[in-house]
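Data block below; observations after.
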Amino acid sequence: MTTMLRSLFRTRIKFCGMTRAGDIRLASELGADAVGFVFASRSPRRLRPEEARLLRGALAPLVDAVALFADNTVEEVREAVKQVRPMLLQFHGSEEDAFCRSFGVAYIKAVPMGGAIASPNDLQLRYPAAAGFLFDSHAPGGSGGSGAPFDWNLLPKQLTKPIMLAGGLNPDNVCDAILATLPWGVDVSSGIESAPGIKDGNRMRRFVEQVRKADCHVEHSG
């Protein structure tokens with residue numbers, strides 16, 4: 001994606017690992033495009049579907065709910081979809097395309113950047129139905145939310161689908177990350193927390209401010 005083309009868009013923001021209604025309301029007020037509810041078994045931010053359903057009520061109109069999974073069973077995904085009615089599914093495990101698209105909801109596939117990196121062509125052939133790809137810093141078999149960034153220079157080029165950048169993003173580095181990679185969106189969890197699942201309002205505000213600062217810089221340079 002060229003700088004000029006990228007300047008026509010704004011960077012989408014997703015706050016992930018939400019566990020409190022107040023944090024969700026603040027995310028909506030700050031202009032986040034989506035919030036994520038985690039159902040991965042190994043995550044300290046994991047919610048039960050009924051908990052996430054109640055939290056979804058705190059979302060403002062036009063803010064999307066995203067459900068995150070990592071090698072969950074078919075039954076677990078179906079129950080979360082039924083309870084939460086997410087606009088998007090996010091898969092961080094070894095799921096294949098047929099599994100990811102079998103729930104009738106658009107999905108993005110997380111790509112671990114802590115090991116061997118698949119080529120853009122291989123990714124798109126393996127996940128033809130993916131709405132986009134999210135690049136995170138965890139190693140294959142690991143989970144996101146570690147707070148560690150990866151080398152942004154390793155981000156695959158020439159993908160034809162939207163790219164989400166994650167892994168170690170925080171208010172201090174997200175502006176540089178956007179300017180370096182020009183992603184469709186950014187996904188943050190631990191970088192705006194005071195503890196796992198507990199968001200920090202000041203960090204949330206600063207994160208959004210830094211994303212918009214990057215957008216202005218790209219637009220002016222385009």
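To be explicit about the labels: the chains of the structure tokens are called A, B, and onward in the order shown, and within each one the residues are counted from 1, while ligands get numbers from 1 in the order they are shown.
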
For segment 189-201 of chain A, list every protein, DNA or RNA residue within 7 Å, evaluated using only C-alpha atoms, and leave out those in the same chain fewer than 5 positions away; present the list as a ChimeraX atom specification. /A:15-19,23,44-45,145,147,168-170

Dump as a short mmCIF file (atom, residue, chain, number, x, y, z; two decimals), in the first residue's frame, selection limited to C-alpha atoms:
```cif
data_model
loop_
_atom_site.label_atom_id
_atom_site.label_comp_id
_atom_site.auth_asym_id
_atom_site.auth_seq_id
_atom_site.Cartn_x
_atom_site.Cartn_y
_atom_site.Cartn_z
CA PHE A 15 -8.75 -2.42 22.31
CA CYS A 16 -8.55 -6.09 23.23
CA GLY A 17 -8.88 -8.11 26.42
CA MET A 18 -11.74 -6.06 27.81
CA THR A 19 -13.14 -7.25 31.14
CA ASP A 23 -13.33 0.41 30.17
CA PRO A 44 -5.55 -14.22 31.98
CA ARG A 45 -8.19 -12.05 30.27
CA GLY A 145 -0.81 -10.12 25.01
CA GLY A 147 3.61 -6.86 25.69
CA GLY A 168 3.98 -4.79 22.28
CA LEU A 169 2.17 -1.66 21.13
CA ASN A 170 1.73 1.11 23.68
#
```

Residue neighbourhood Arg12 of chain A, 8 Å, only C-alpha atoms, exclusion window fewer than 4 positions, as a CSV table (one decimal) with C-alpha atoms, in the first residue's frame:
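Wrote it out as result-v1.csv, contents follow:
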```csv
chain,number,residue,atom,x,y,z
A,32,ALA,CA,-12.1,3.0,19.3
A,33,ASP,CA,-13.5,1.1,16.3
A,184,TRP,CA,-5.0,-0.9,8.3
A,185,GLY,CA,-5.4,-1.1,12.1
A,186,VAL,CA,-3.7,-1.6,15.4
```

Let's see if you can do this: from backbone DSSP, list all alpha helix (DSSP H) residues in chain A, as a PyMOL selection string. chain A and resi 3-6+21-30+49-56+74-84+97-100+120-126+174-181+201-221

Could you take the residues named above and write them with C-alpha atoms, as a PDB file, in the first residue's frame?
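Output (selection-v3.pdb):
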```pdb
ATOM      1  CA  THR A   3       1.725   6.278   1.343  1.00  0.00           C
ATOM      2  CA  MET A   4      -0.635   8.265  -0.853  1.00  0.00           C
ATOM      3  CA  LEU A   5      -3.257   5.503  -0.841  1.00  0.00           C
ATOM      4  CA  ARG A   6      -2.787   4.965   2.905  1.00  0.00           C
ATOM      5  CA  ALA A  21     -17.918  -2.241  31.414  1.00  0.00           C
ATOM      6  CA  GLY A  22     -16.371   1.094  32.345  1.00  0.00           C
ATOM      7  CA  ASP A  23     -13.328   0.406  30.173  1.00  0.00           C
ATOM      8  CA  ILE A  24     -15.592  -0.470  27.261  1.00  0.00           C
ATOM      9  CA  ARG A  25     -17.587   2.729  27.645  1.00  0.00           C
ATOM     10  CA  LEU A  26     -14.386   4.767  27.723  1.00  0.00           C
ATOM     11  CA  ALA A  27     -13.060   2.961  24.654  1.00  0.00           C
ATOM     12  CA  SER A  28     -16.247   3.910  22.828  1.00  0.00           C
ATOM     13  CA  GLU A  29     -15.969   7.541  23.932  1.00  0.00           C
ATOM     14  CA  LEU A  30     -12.347   7.748  22.823  1.00  0.00           C
ATOM     15  CA  PRO A  49     -19.567 -16.189  27.034  1.00  0.00           C
ATOM     16  CA  GLU A  50     -22.255 -15.024  29.452  1.00  0.00           C
ATOM     17  CA  GLU A  51     -19.821 -12.506  30.977  1.00  0.00           C
ATOM     18  CA  ALA A  52     -18.955 -11.130  27.557  1.00  0.00           C
ATOM     19  CA  ARG A  53     -22.645 -10.911  26.652  1.00  0.00           C
ATOM     20  CA  LEU A  54     -23.266  -8.615  29.622  1.00  0.00           C
ATOM     21  CA  LEU A  55     -20.218  -6.502  28.814  1.00  0.00           C
ATOM     22  CA  ARG A  56     -21.327  -6.124  25.209  1.00  0.00           C
ATOM     23  CA  VAL A  74     -16.317 -25.849  17.863  1.00  0.00           C
ATOM     24  CA  GLU A  75     -18.773 -25.804  20.755  1.00  0.00           C
ATOM     25  CA  GLU A  76     -16.892 -23.043  22.577  1.00  0.00           C
ATOM     26  CA  VAL A  77     -16.778 -20.835  19.506  1.00  0.00           C
ATOM     27  CA  ARG A  78     -20.447 -21.437  18.717  1.00  0.00           C
ATOM     28  CA  GLU A  79     -21.493 -20.554  22.256  1.00  0.00           C
ATOM     29  CA  ALA A  80     -19.469 -17.346  22.223  1.00  0.00           C
ATOM     30  CA  VAL A  81     -20.924 -16.373  18.848  1.00  0.00           C
ATOM     31  CA  LYS A  82     -24.426 -17.083  20.111  1.00  0.00           C
ATOM     32  CA  GLN A  83     -24.011 -15.088  23.311  1.00  0.00           C
ATOM     33  CA  VAL A  84     -21.912 -12.155  22.112  1.00  0.00           C
ATOM     34  CA  ASP A  97      -9.572 -21.749   7.005  1.00  0.00           C
ATOM     35  CA  ALA A  98     -12.466 -24.227   6.893  1.00  0.00           C
ATOM     36  CA  PHE A  99     -12.804 -24.085  10.684  1.00  0.00           C
ATOM     37  CA  CYS A 100     -12.510 -20.302  10.878  1.00  0.00           C
ATOM     38  CA  PRO A 120       2.235 -13.419   1.767  1.00  0.00           C
ATOM     39  CA  ASN A 121       1.286 -15.844  -0.979  1.00  0.00           C
ATOM     40  CA  ASP A 122       1.266 -18.807   1.409  1.00  0.00           C
ATOM     41  CA  LEU A 123      -0.883 -16.933   3.929  1.00  0.00           C
ATOM     42  CA  GLN A 124      -3.478 -15.971   1.378  1.00  0.00           C
ATOM     43  CA  LEU A 125      -3.571 -19.447  -0.122  1.00  0.00           C
ATOM     44  CA  ARG A 126      -3.958 -21.066   3.298  1.00  0.00           C
ATOM     45  CA  VAL A 174       2.368   3.169  18.359  1.00  0.00           C
ATOM     46  CA  CYS A 175       2.991   6.355  16.366  1.00  0.00           C
ATOM     47  CA  ASP A 176       6.368   5.055  15.173  1.00  0.00           C
ATOM     48  CA  ALA A 177       4.849   1.626  14.490  1.00  0.00           C
ATOM     49  CA  ILE A 178       2.168   3.100  12.235  1.00  0.00           C
ATOM     50  CA  LEU A 179       4.612   5.299  10.350  1.00  0.00           C
ATOM     51  CA  ALA A 180       6.912   2.298   9.836  1.00  0.00           C
ATOM     52  CA  THR A 181       4.295  -0.204   8.673  1.00  0.00           C
ATOM     53  CA  GLY A 201      -7.801   5.332  31.206  1.00  0.00           C
ATOM     54  CA  ASN A 202      -4.831   7.639  30.720  1.00  0.00           C
ATOM     55  CA  ARG A 203      -2.982   5.063  28.634  1.00  0.00           C
ATOM     56  CA  MET A 204      -6.087   4.478  26.536  1.00  0.00           C
ATOM     57  CA  ARG A 205      -6.410   8.200  25.843  1.00  0.00           C
ATOM     58  CA  ARG A 206      -2.713   8.599  25.018  1.00  0.00           C
ATOM     59  CA  PHE A 207      -2.809   5.590  22.713  1.00  0.00           C
ATOM     60  CA  VAL A 208      -5.656   7.064  20.665  1.00  0.00           C
ATOM     61  CA  GLU A 209      -3.919  10.458  20.565  1.00  0.00           C
ATOM     62  CA  GLN A 210      -0.719   8.881  19.239  1.00  0.00           C
ATOM     63  CA  VAL A 211      -2.582   6.916  16.567  1.00  0.00           C
ATOM     64  CA  ARG A 212      -4.250  10.102  15.336  1.00  0.00           C
ATOM     65  CA  LYS A 213      -0.895  11.904  15.437  1.00  0.00           C
ATOM     66  CA  ALA A 214       0.517   9.231  13.117  1.00  0.00           C
ATOM     67  CA  ASP A 215      -2.494   9.523  10.814  1.00  0.00           C
ATOM     68  CA  CYS A 216      -2.009  13.278  10.501  1.00  0.00           C
ATOM     69  CA  HIS A 217       1.676  12.814   9.744  1.00  0.00           C
ATOM     70  CA  VAL A 218       0.983  10.256   7.012  1.00  0.00           C
ATOM     71  CA  GLU A 219      -1.758  12.394   5.485  1.00  0.00           C
ATOM     72  CA  HIS A 220       0.450  15.487   5.348  1.00  0.00           C
ATOM     73  CA  SER A 221       3.370  13.538   3.912  1.00  0.00           C
TER      74      SER A 221
END
```

Where in segment 24-200 of chain A does DSSP assign strand (DSSP E), given as JSON, numbers by chain? {"A": [34, 35, 36, 37, 38, 64, 65, 66, 67, 68, 69, 88, 89, 90, 91, 107, 108, 109, 110, 111, 112, 132, 133, 134, 135, 136, 163, 164, 165, 185, 186, 187, 188, 193, 194, 195, 198, 199]}

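Comparing A:Met113, A:Val188, A:Leu134, A:Ala106 by their smallest distance to Asn153 of chain A, the closest is A:Met113 (using only C-alpha atoms).
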
One residue among A:Leu182, A:Ala148, A:Met164, A:Ala58 is nearest to Phe135 of chain A when using only C-alpha atoms, and that residue is A:Met164

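In terms of minimum interatomic distance to Gln90 of chain A, A:Val38 ranks closest within A:Val38, A:Leu59, A:Ala129, A:Leu154, counting only C-alpha atoms.
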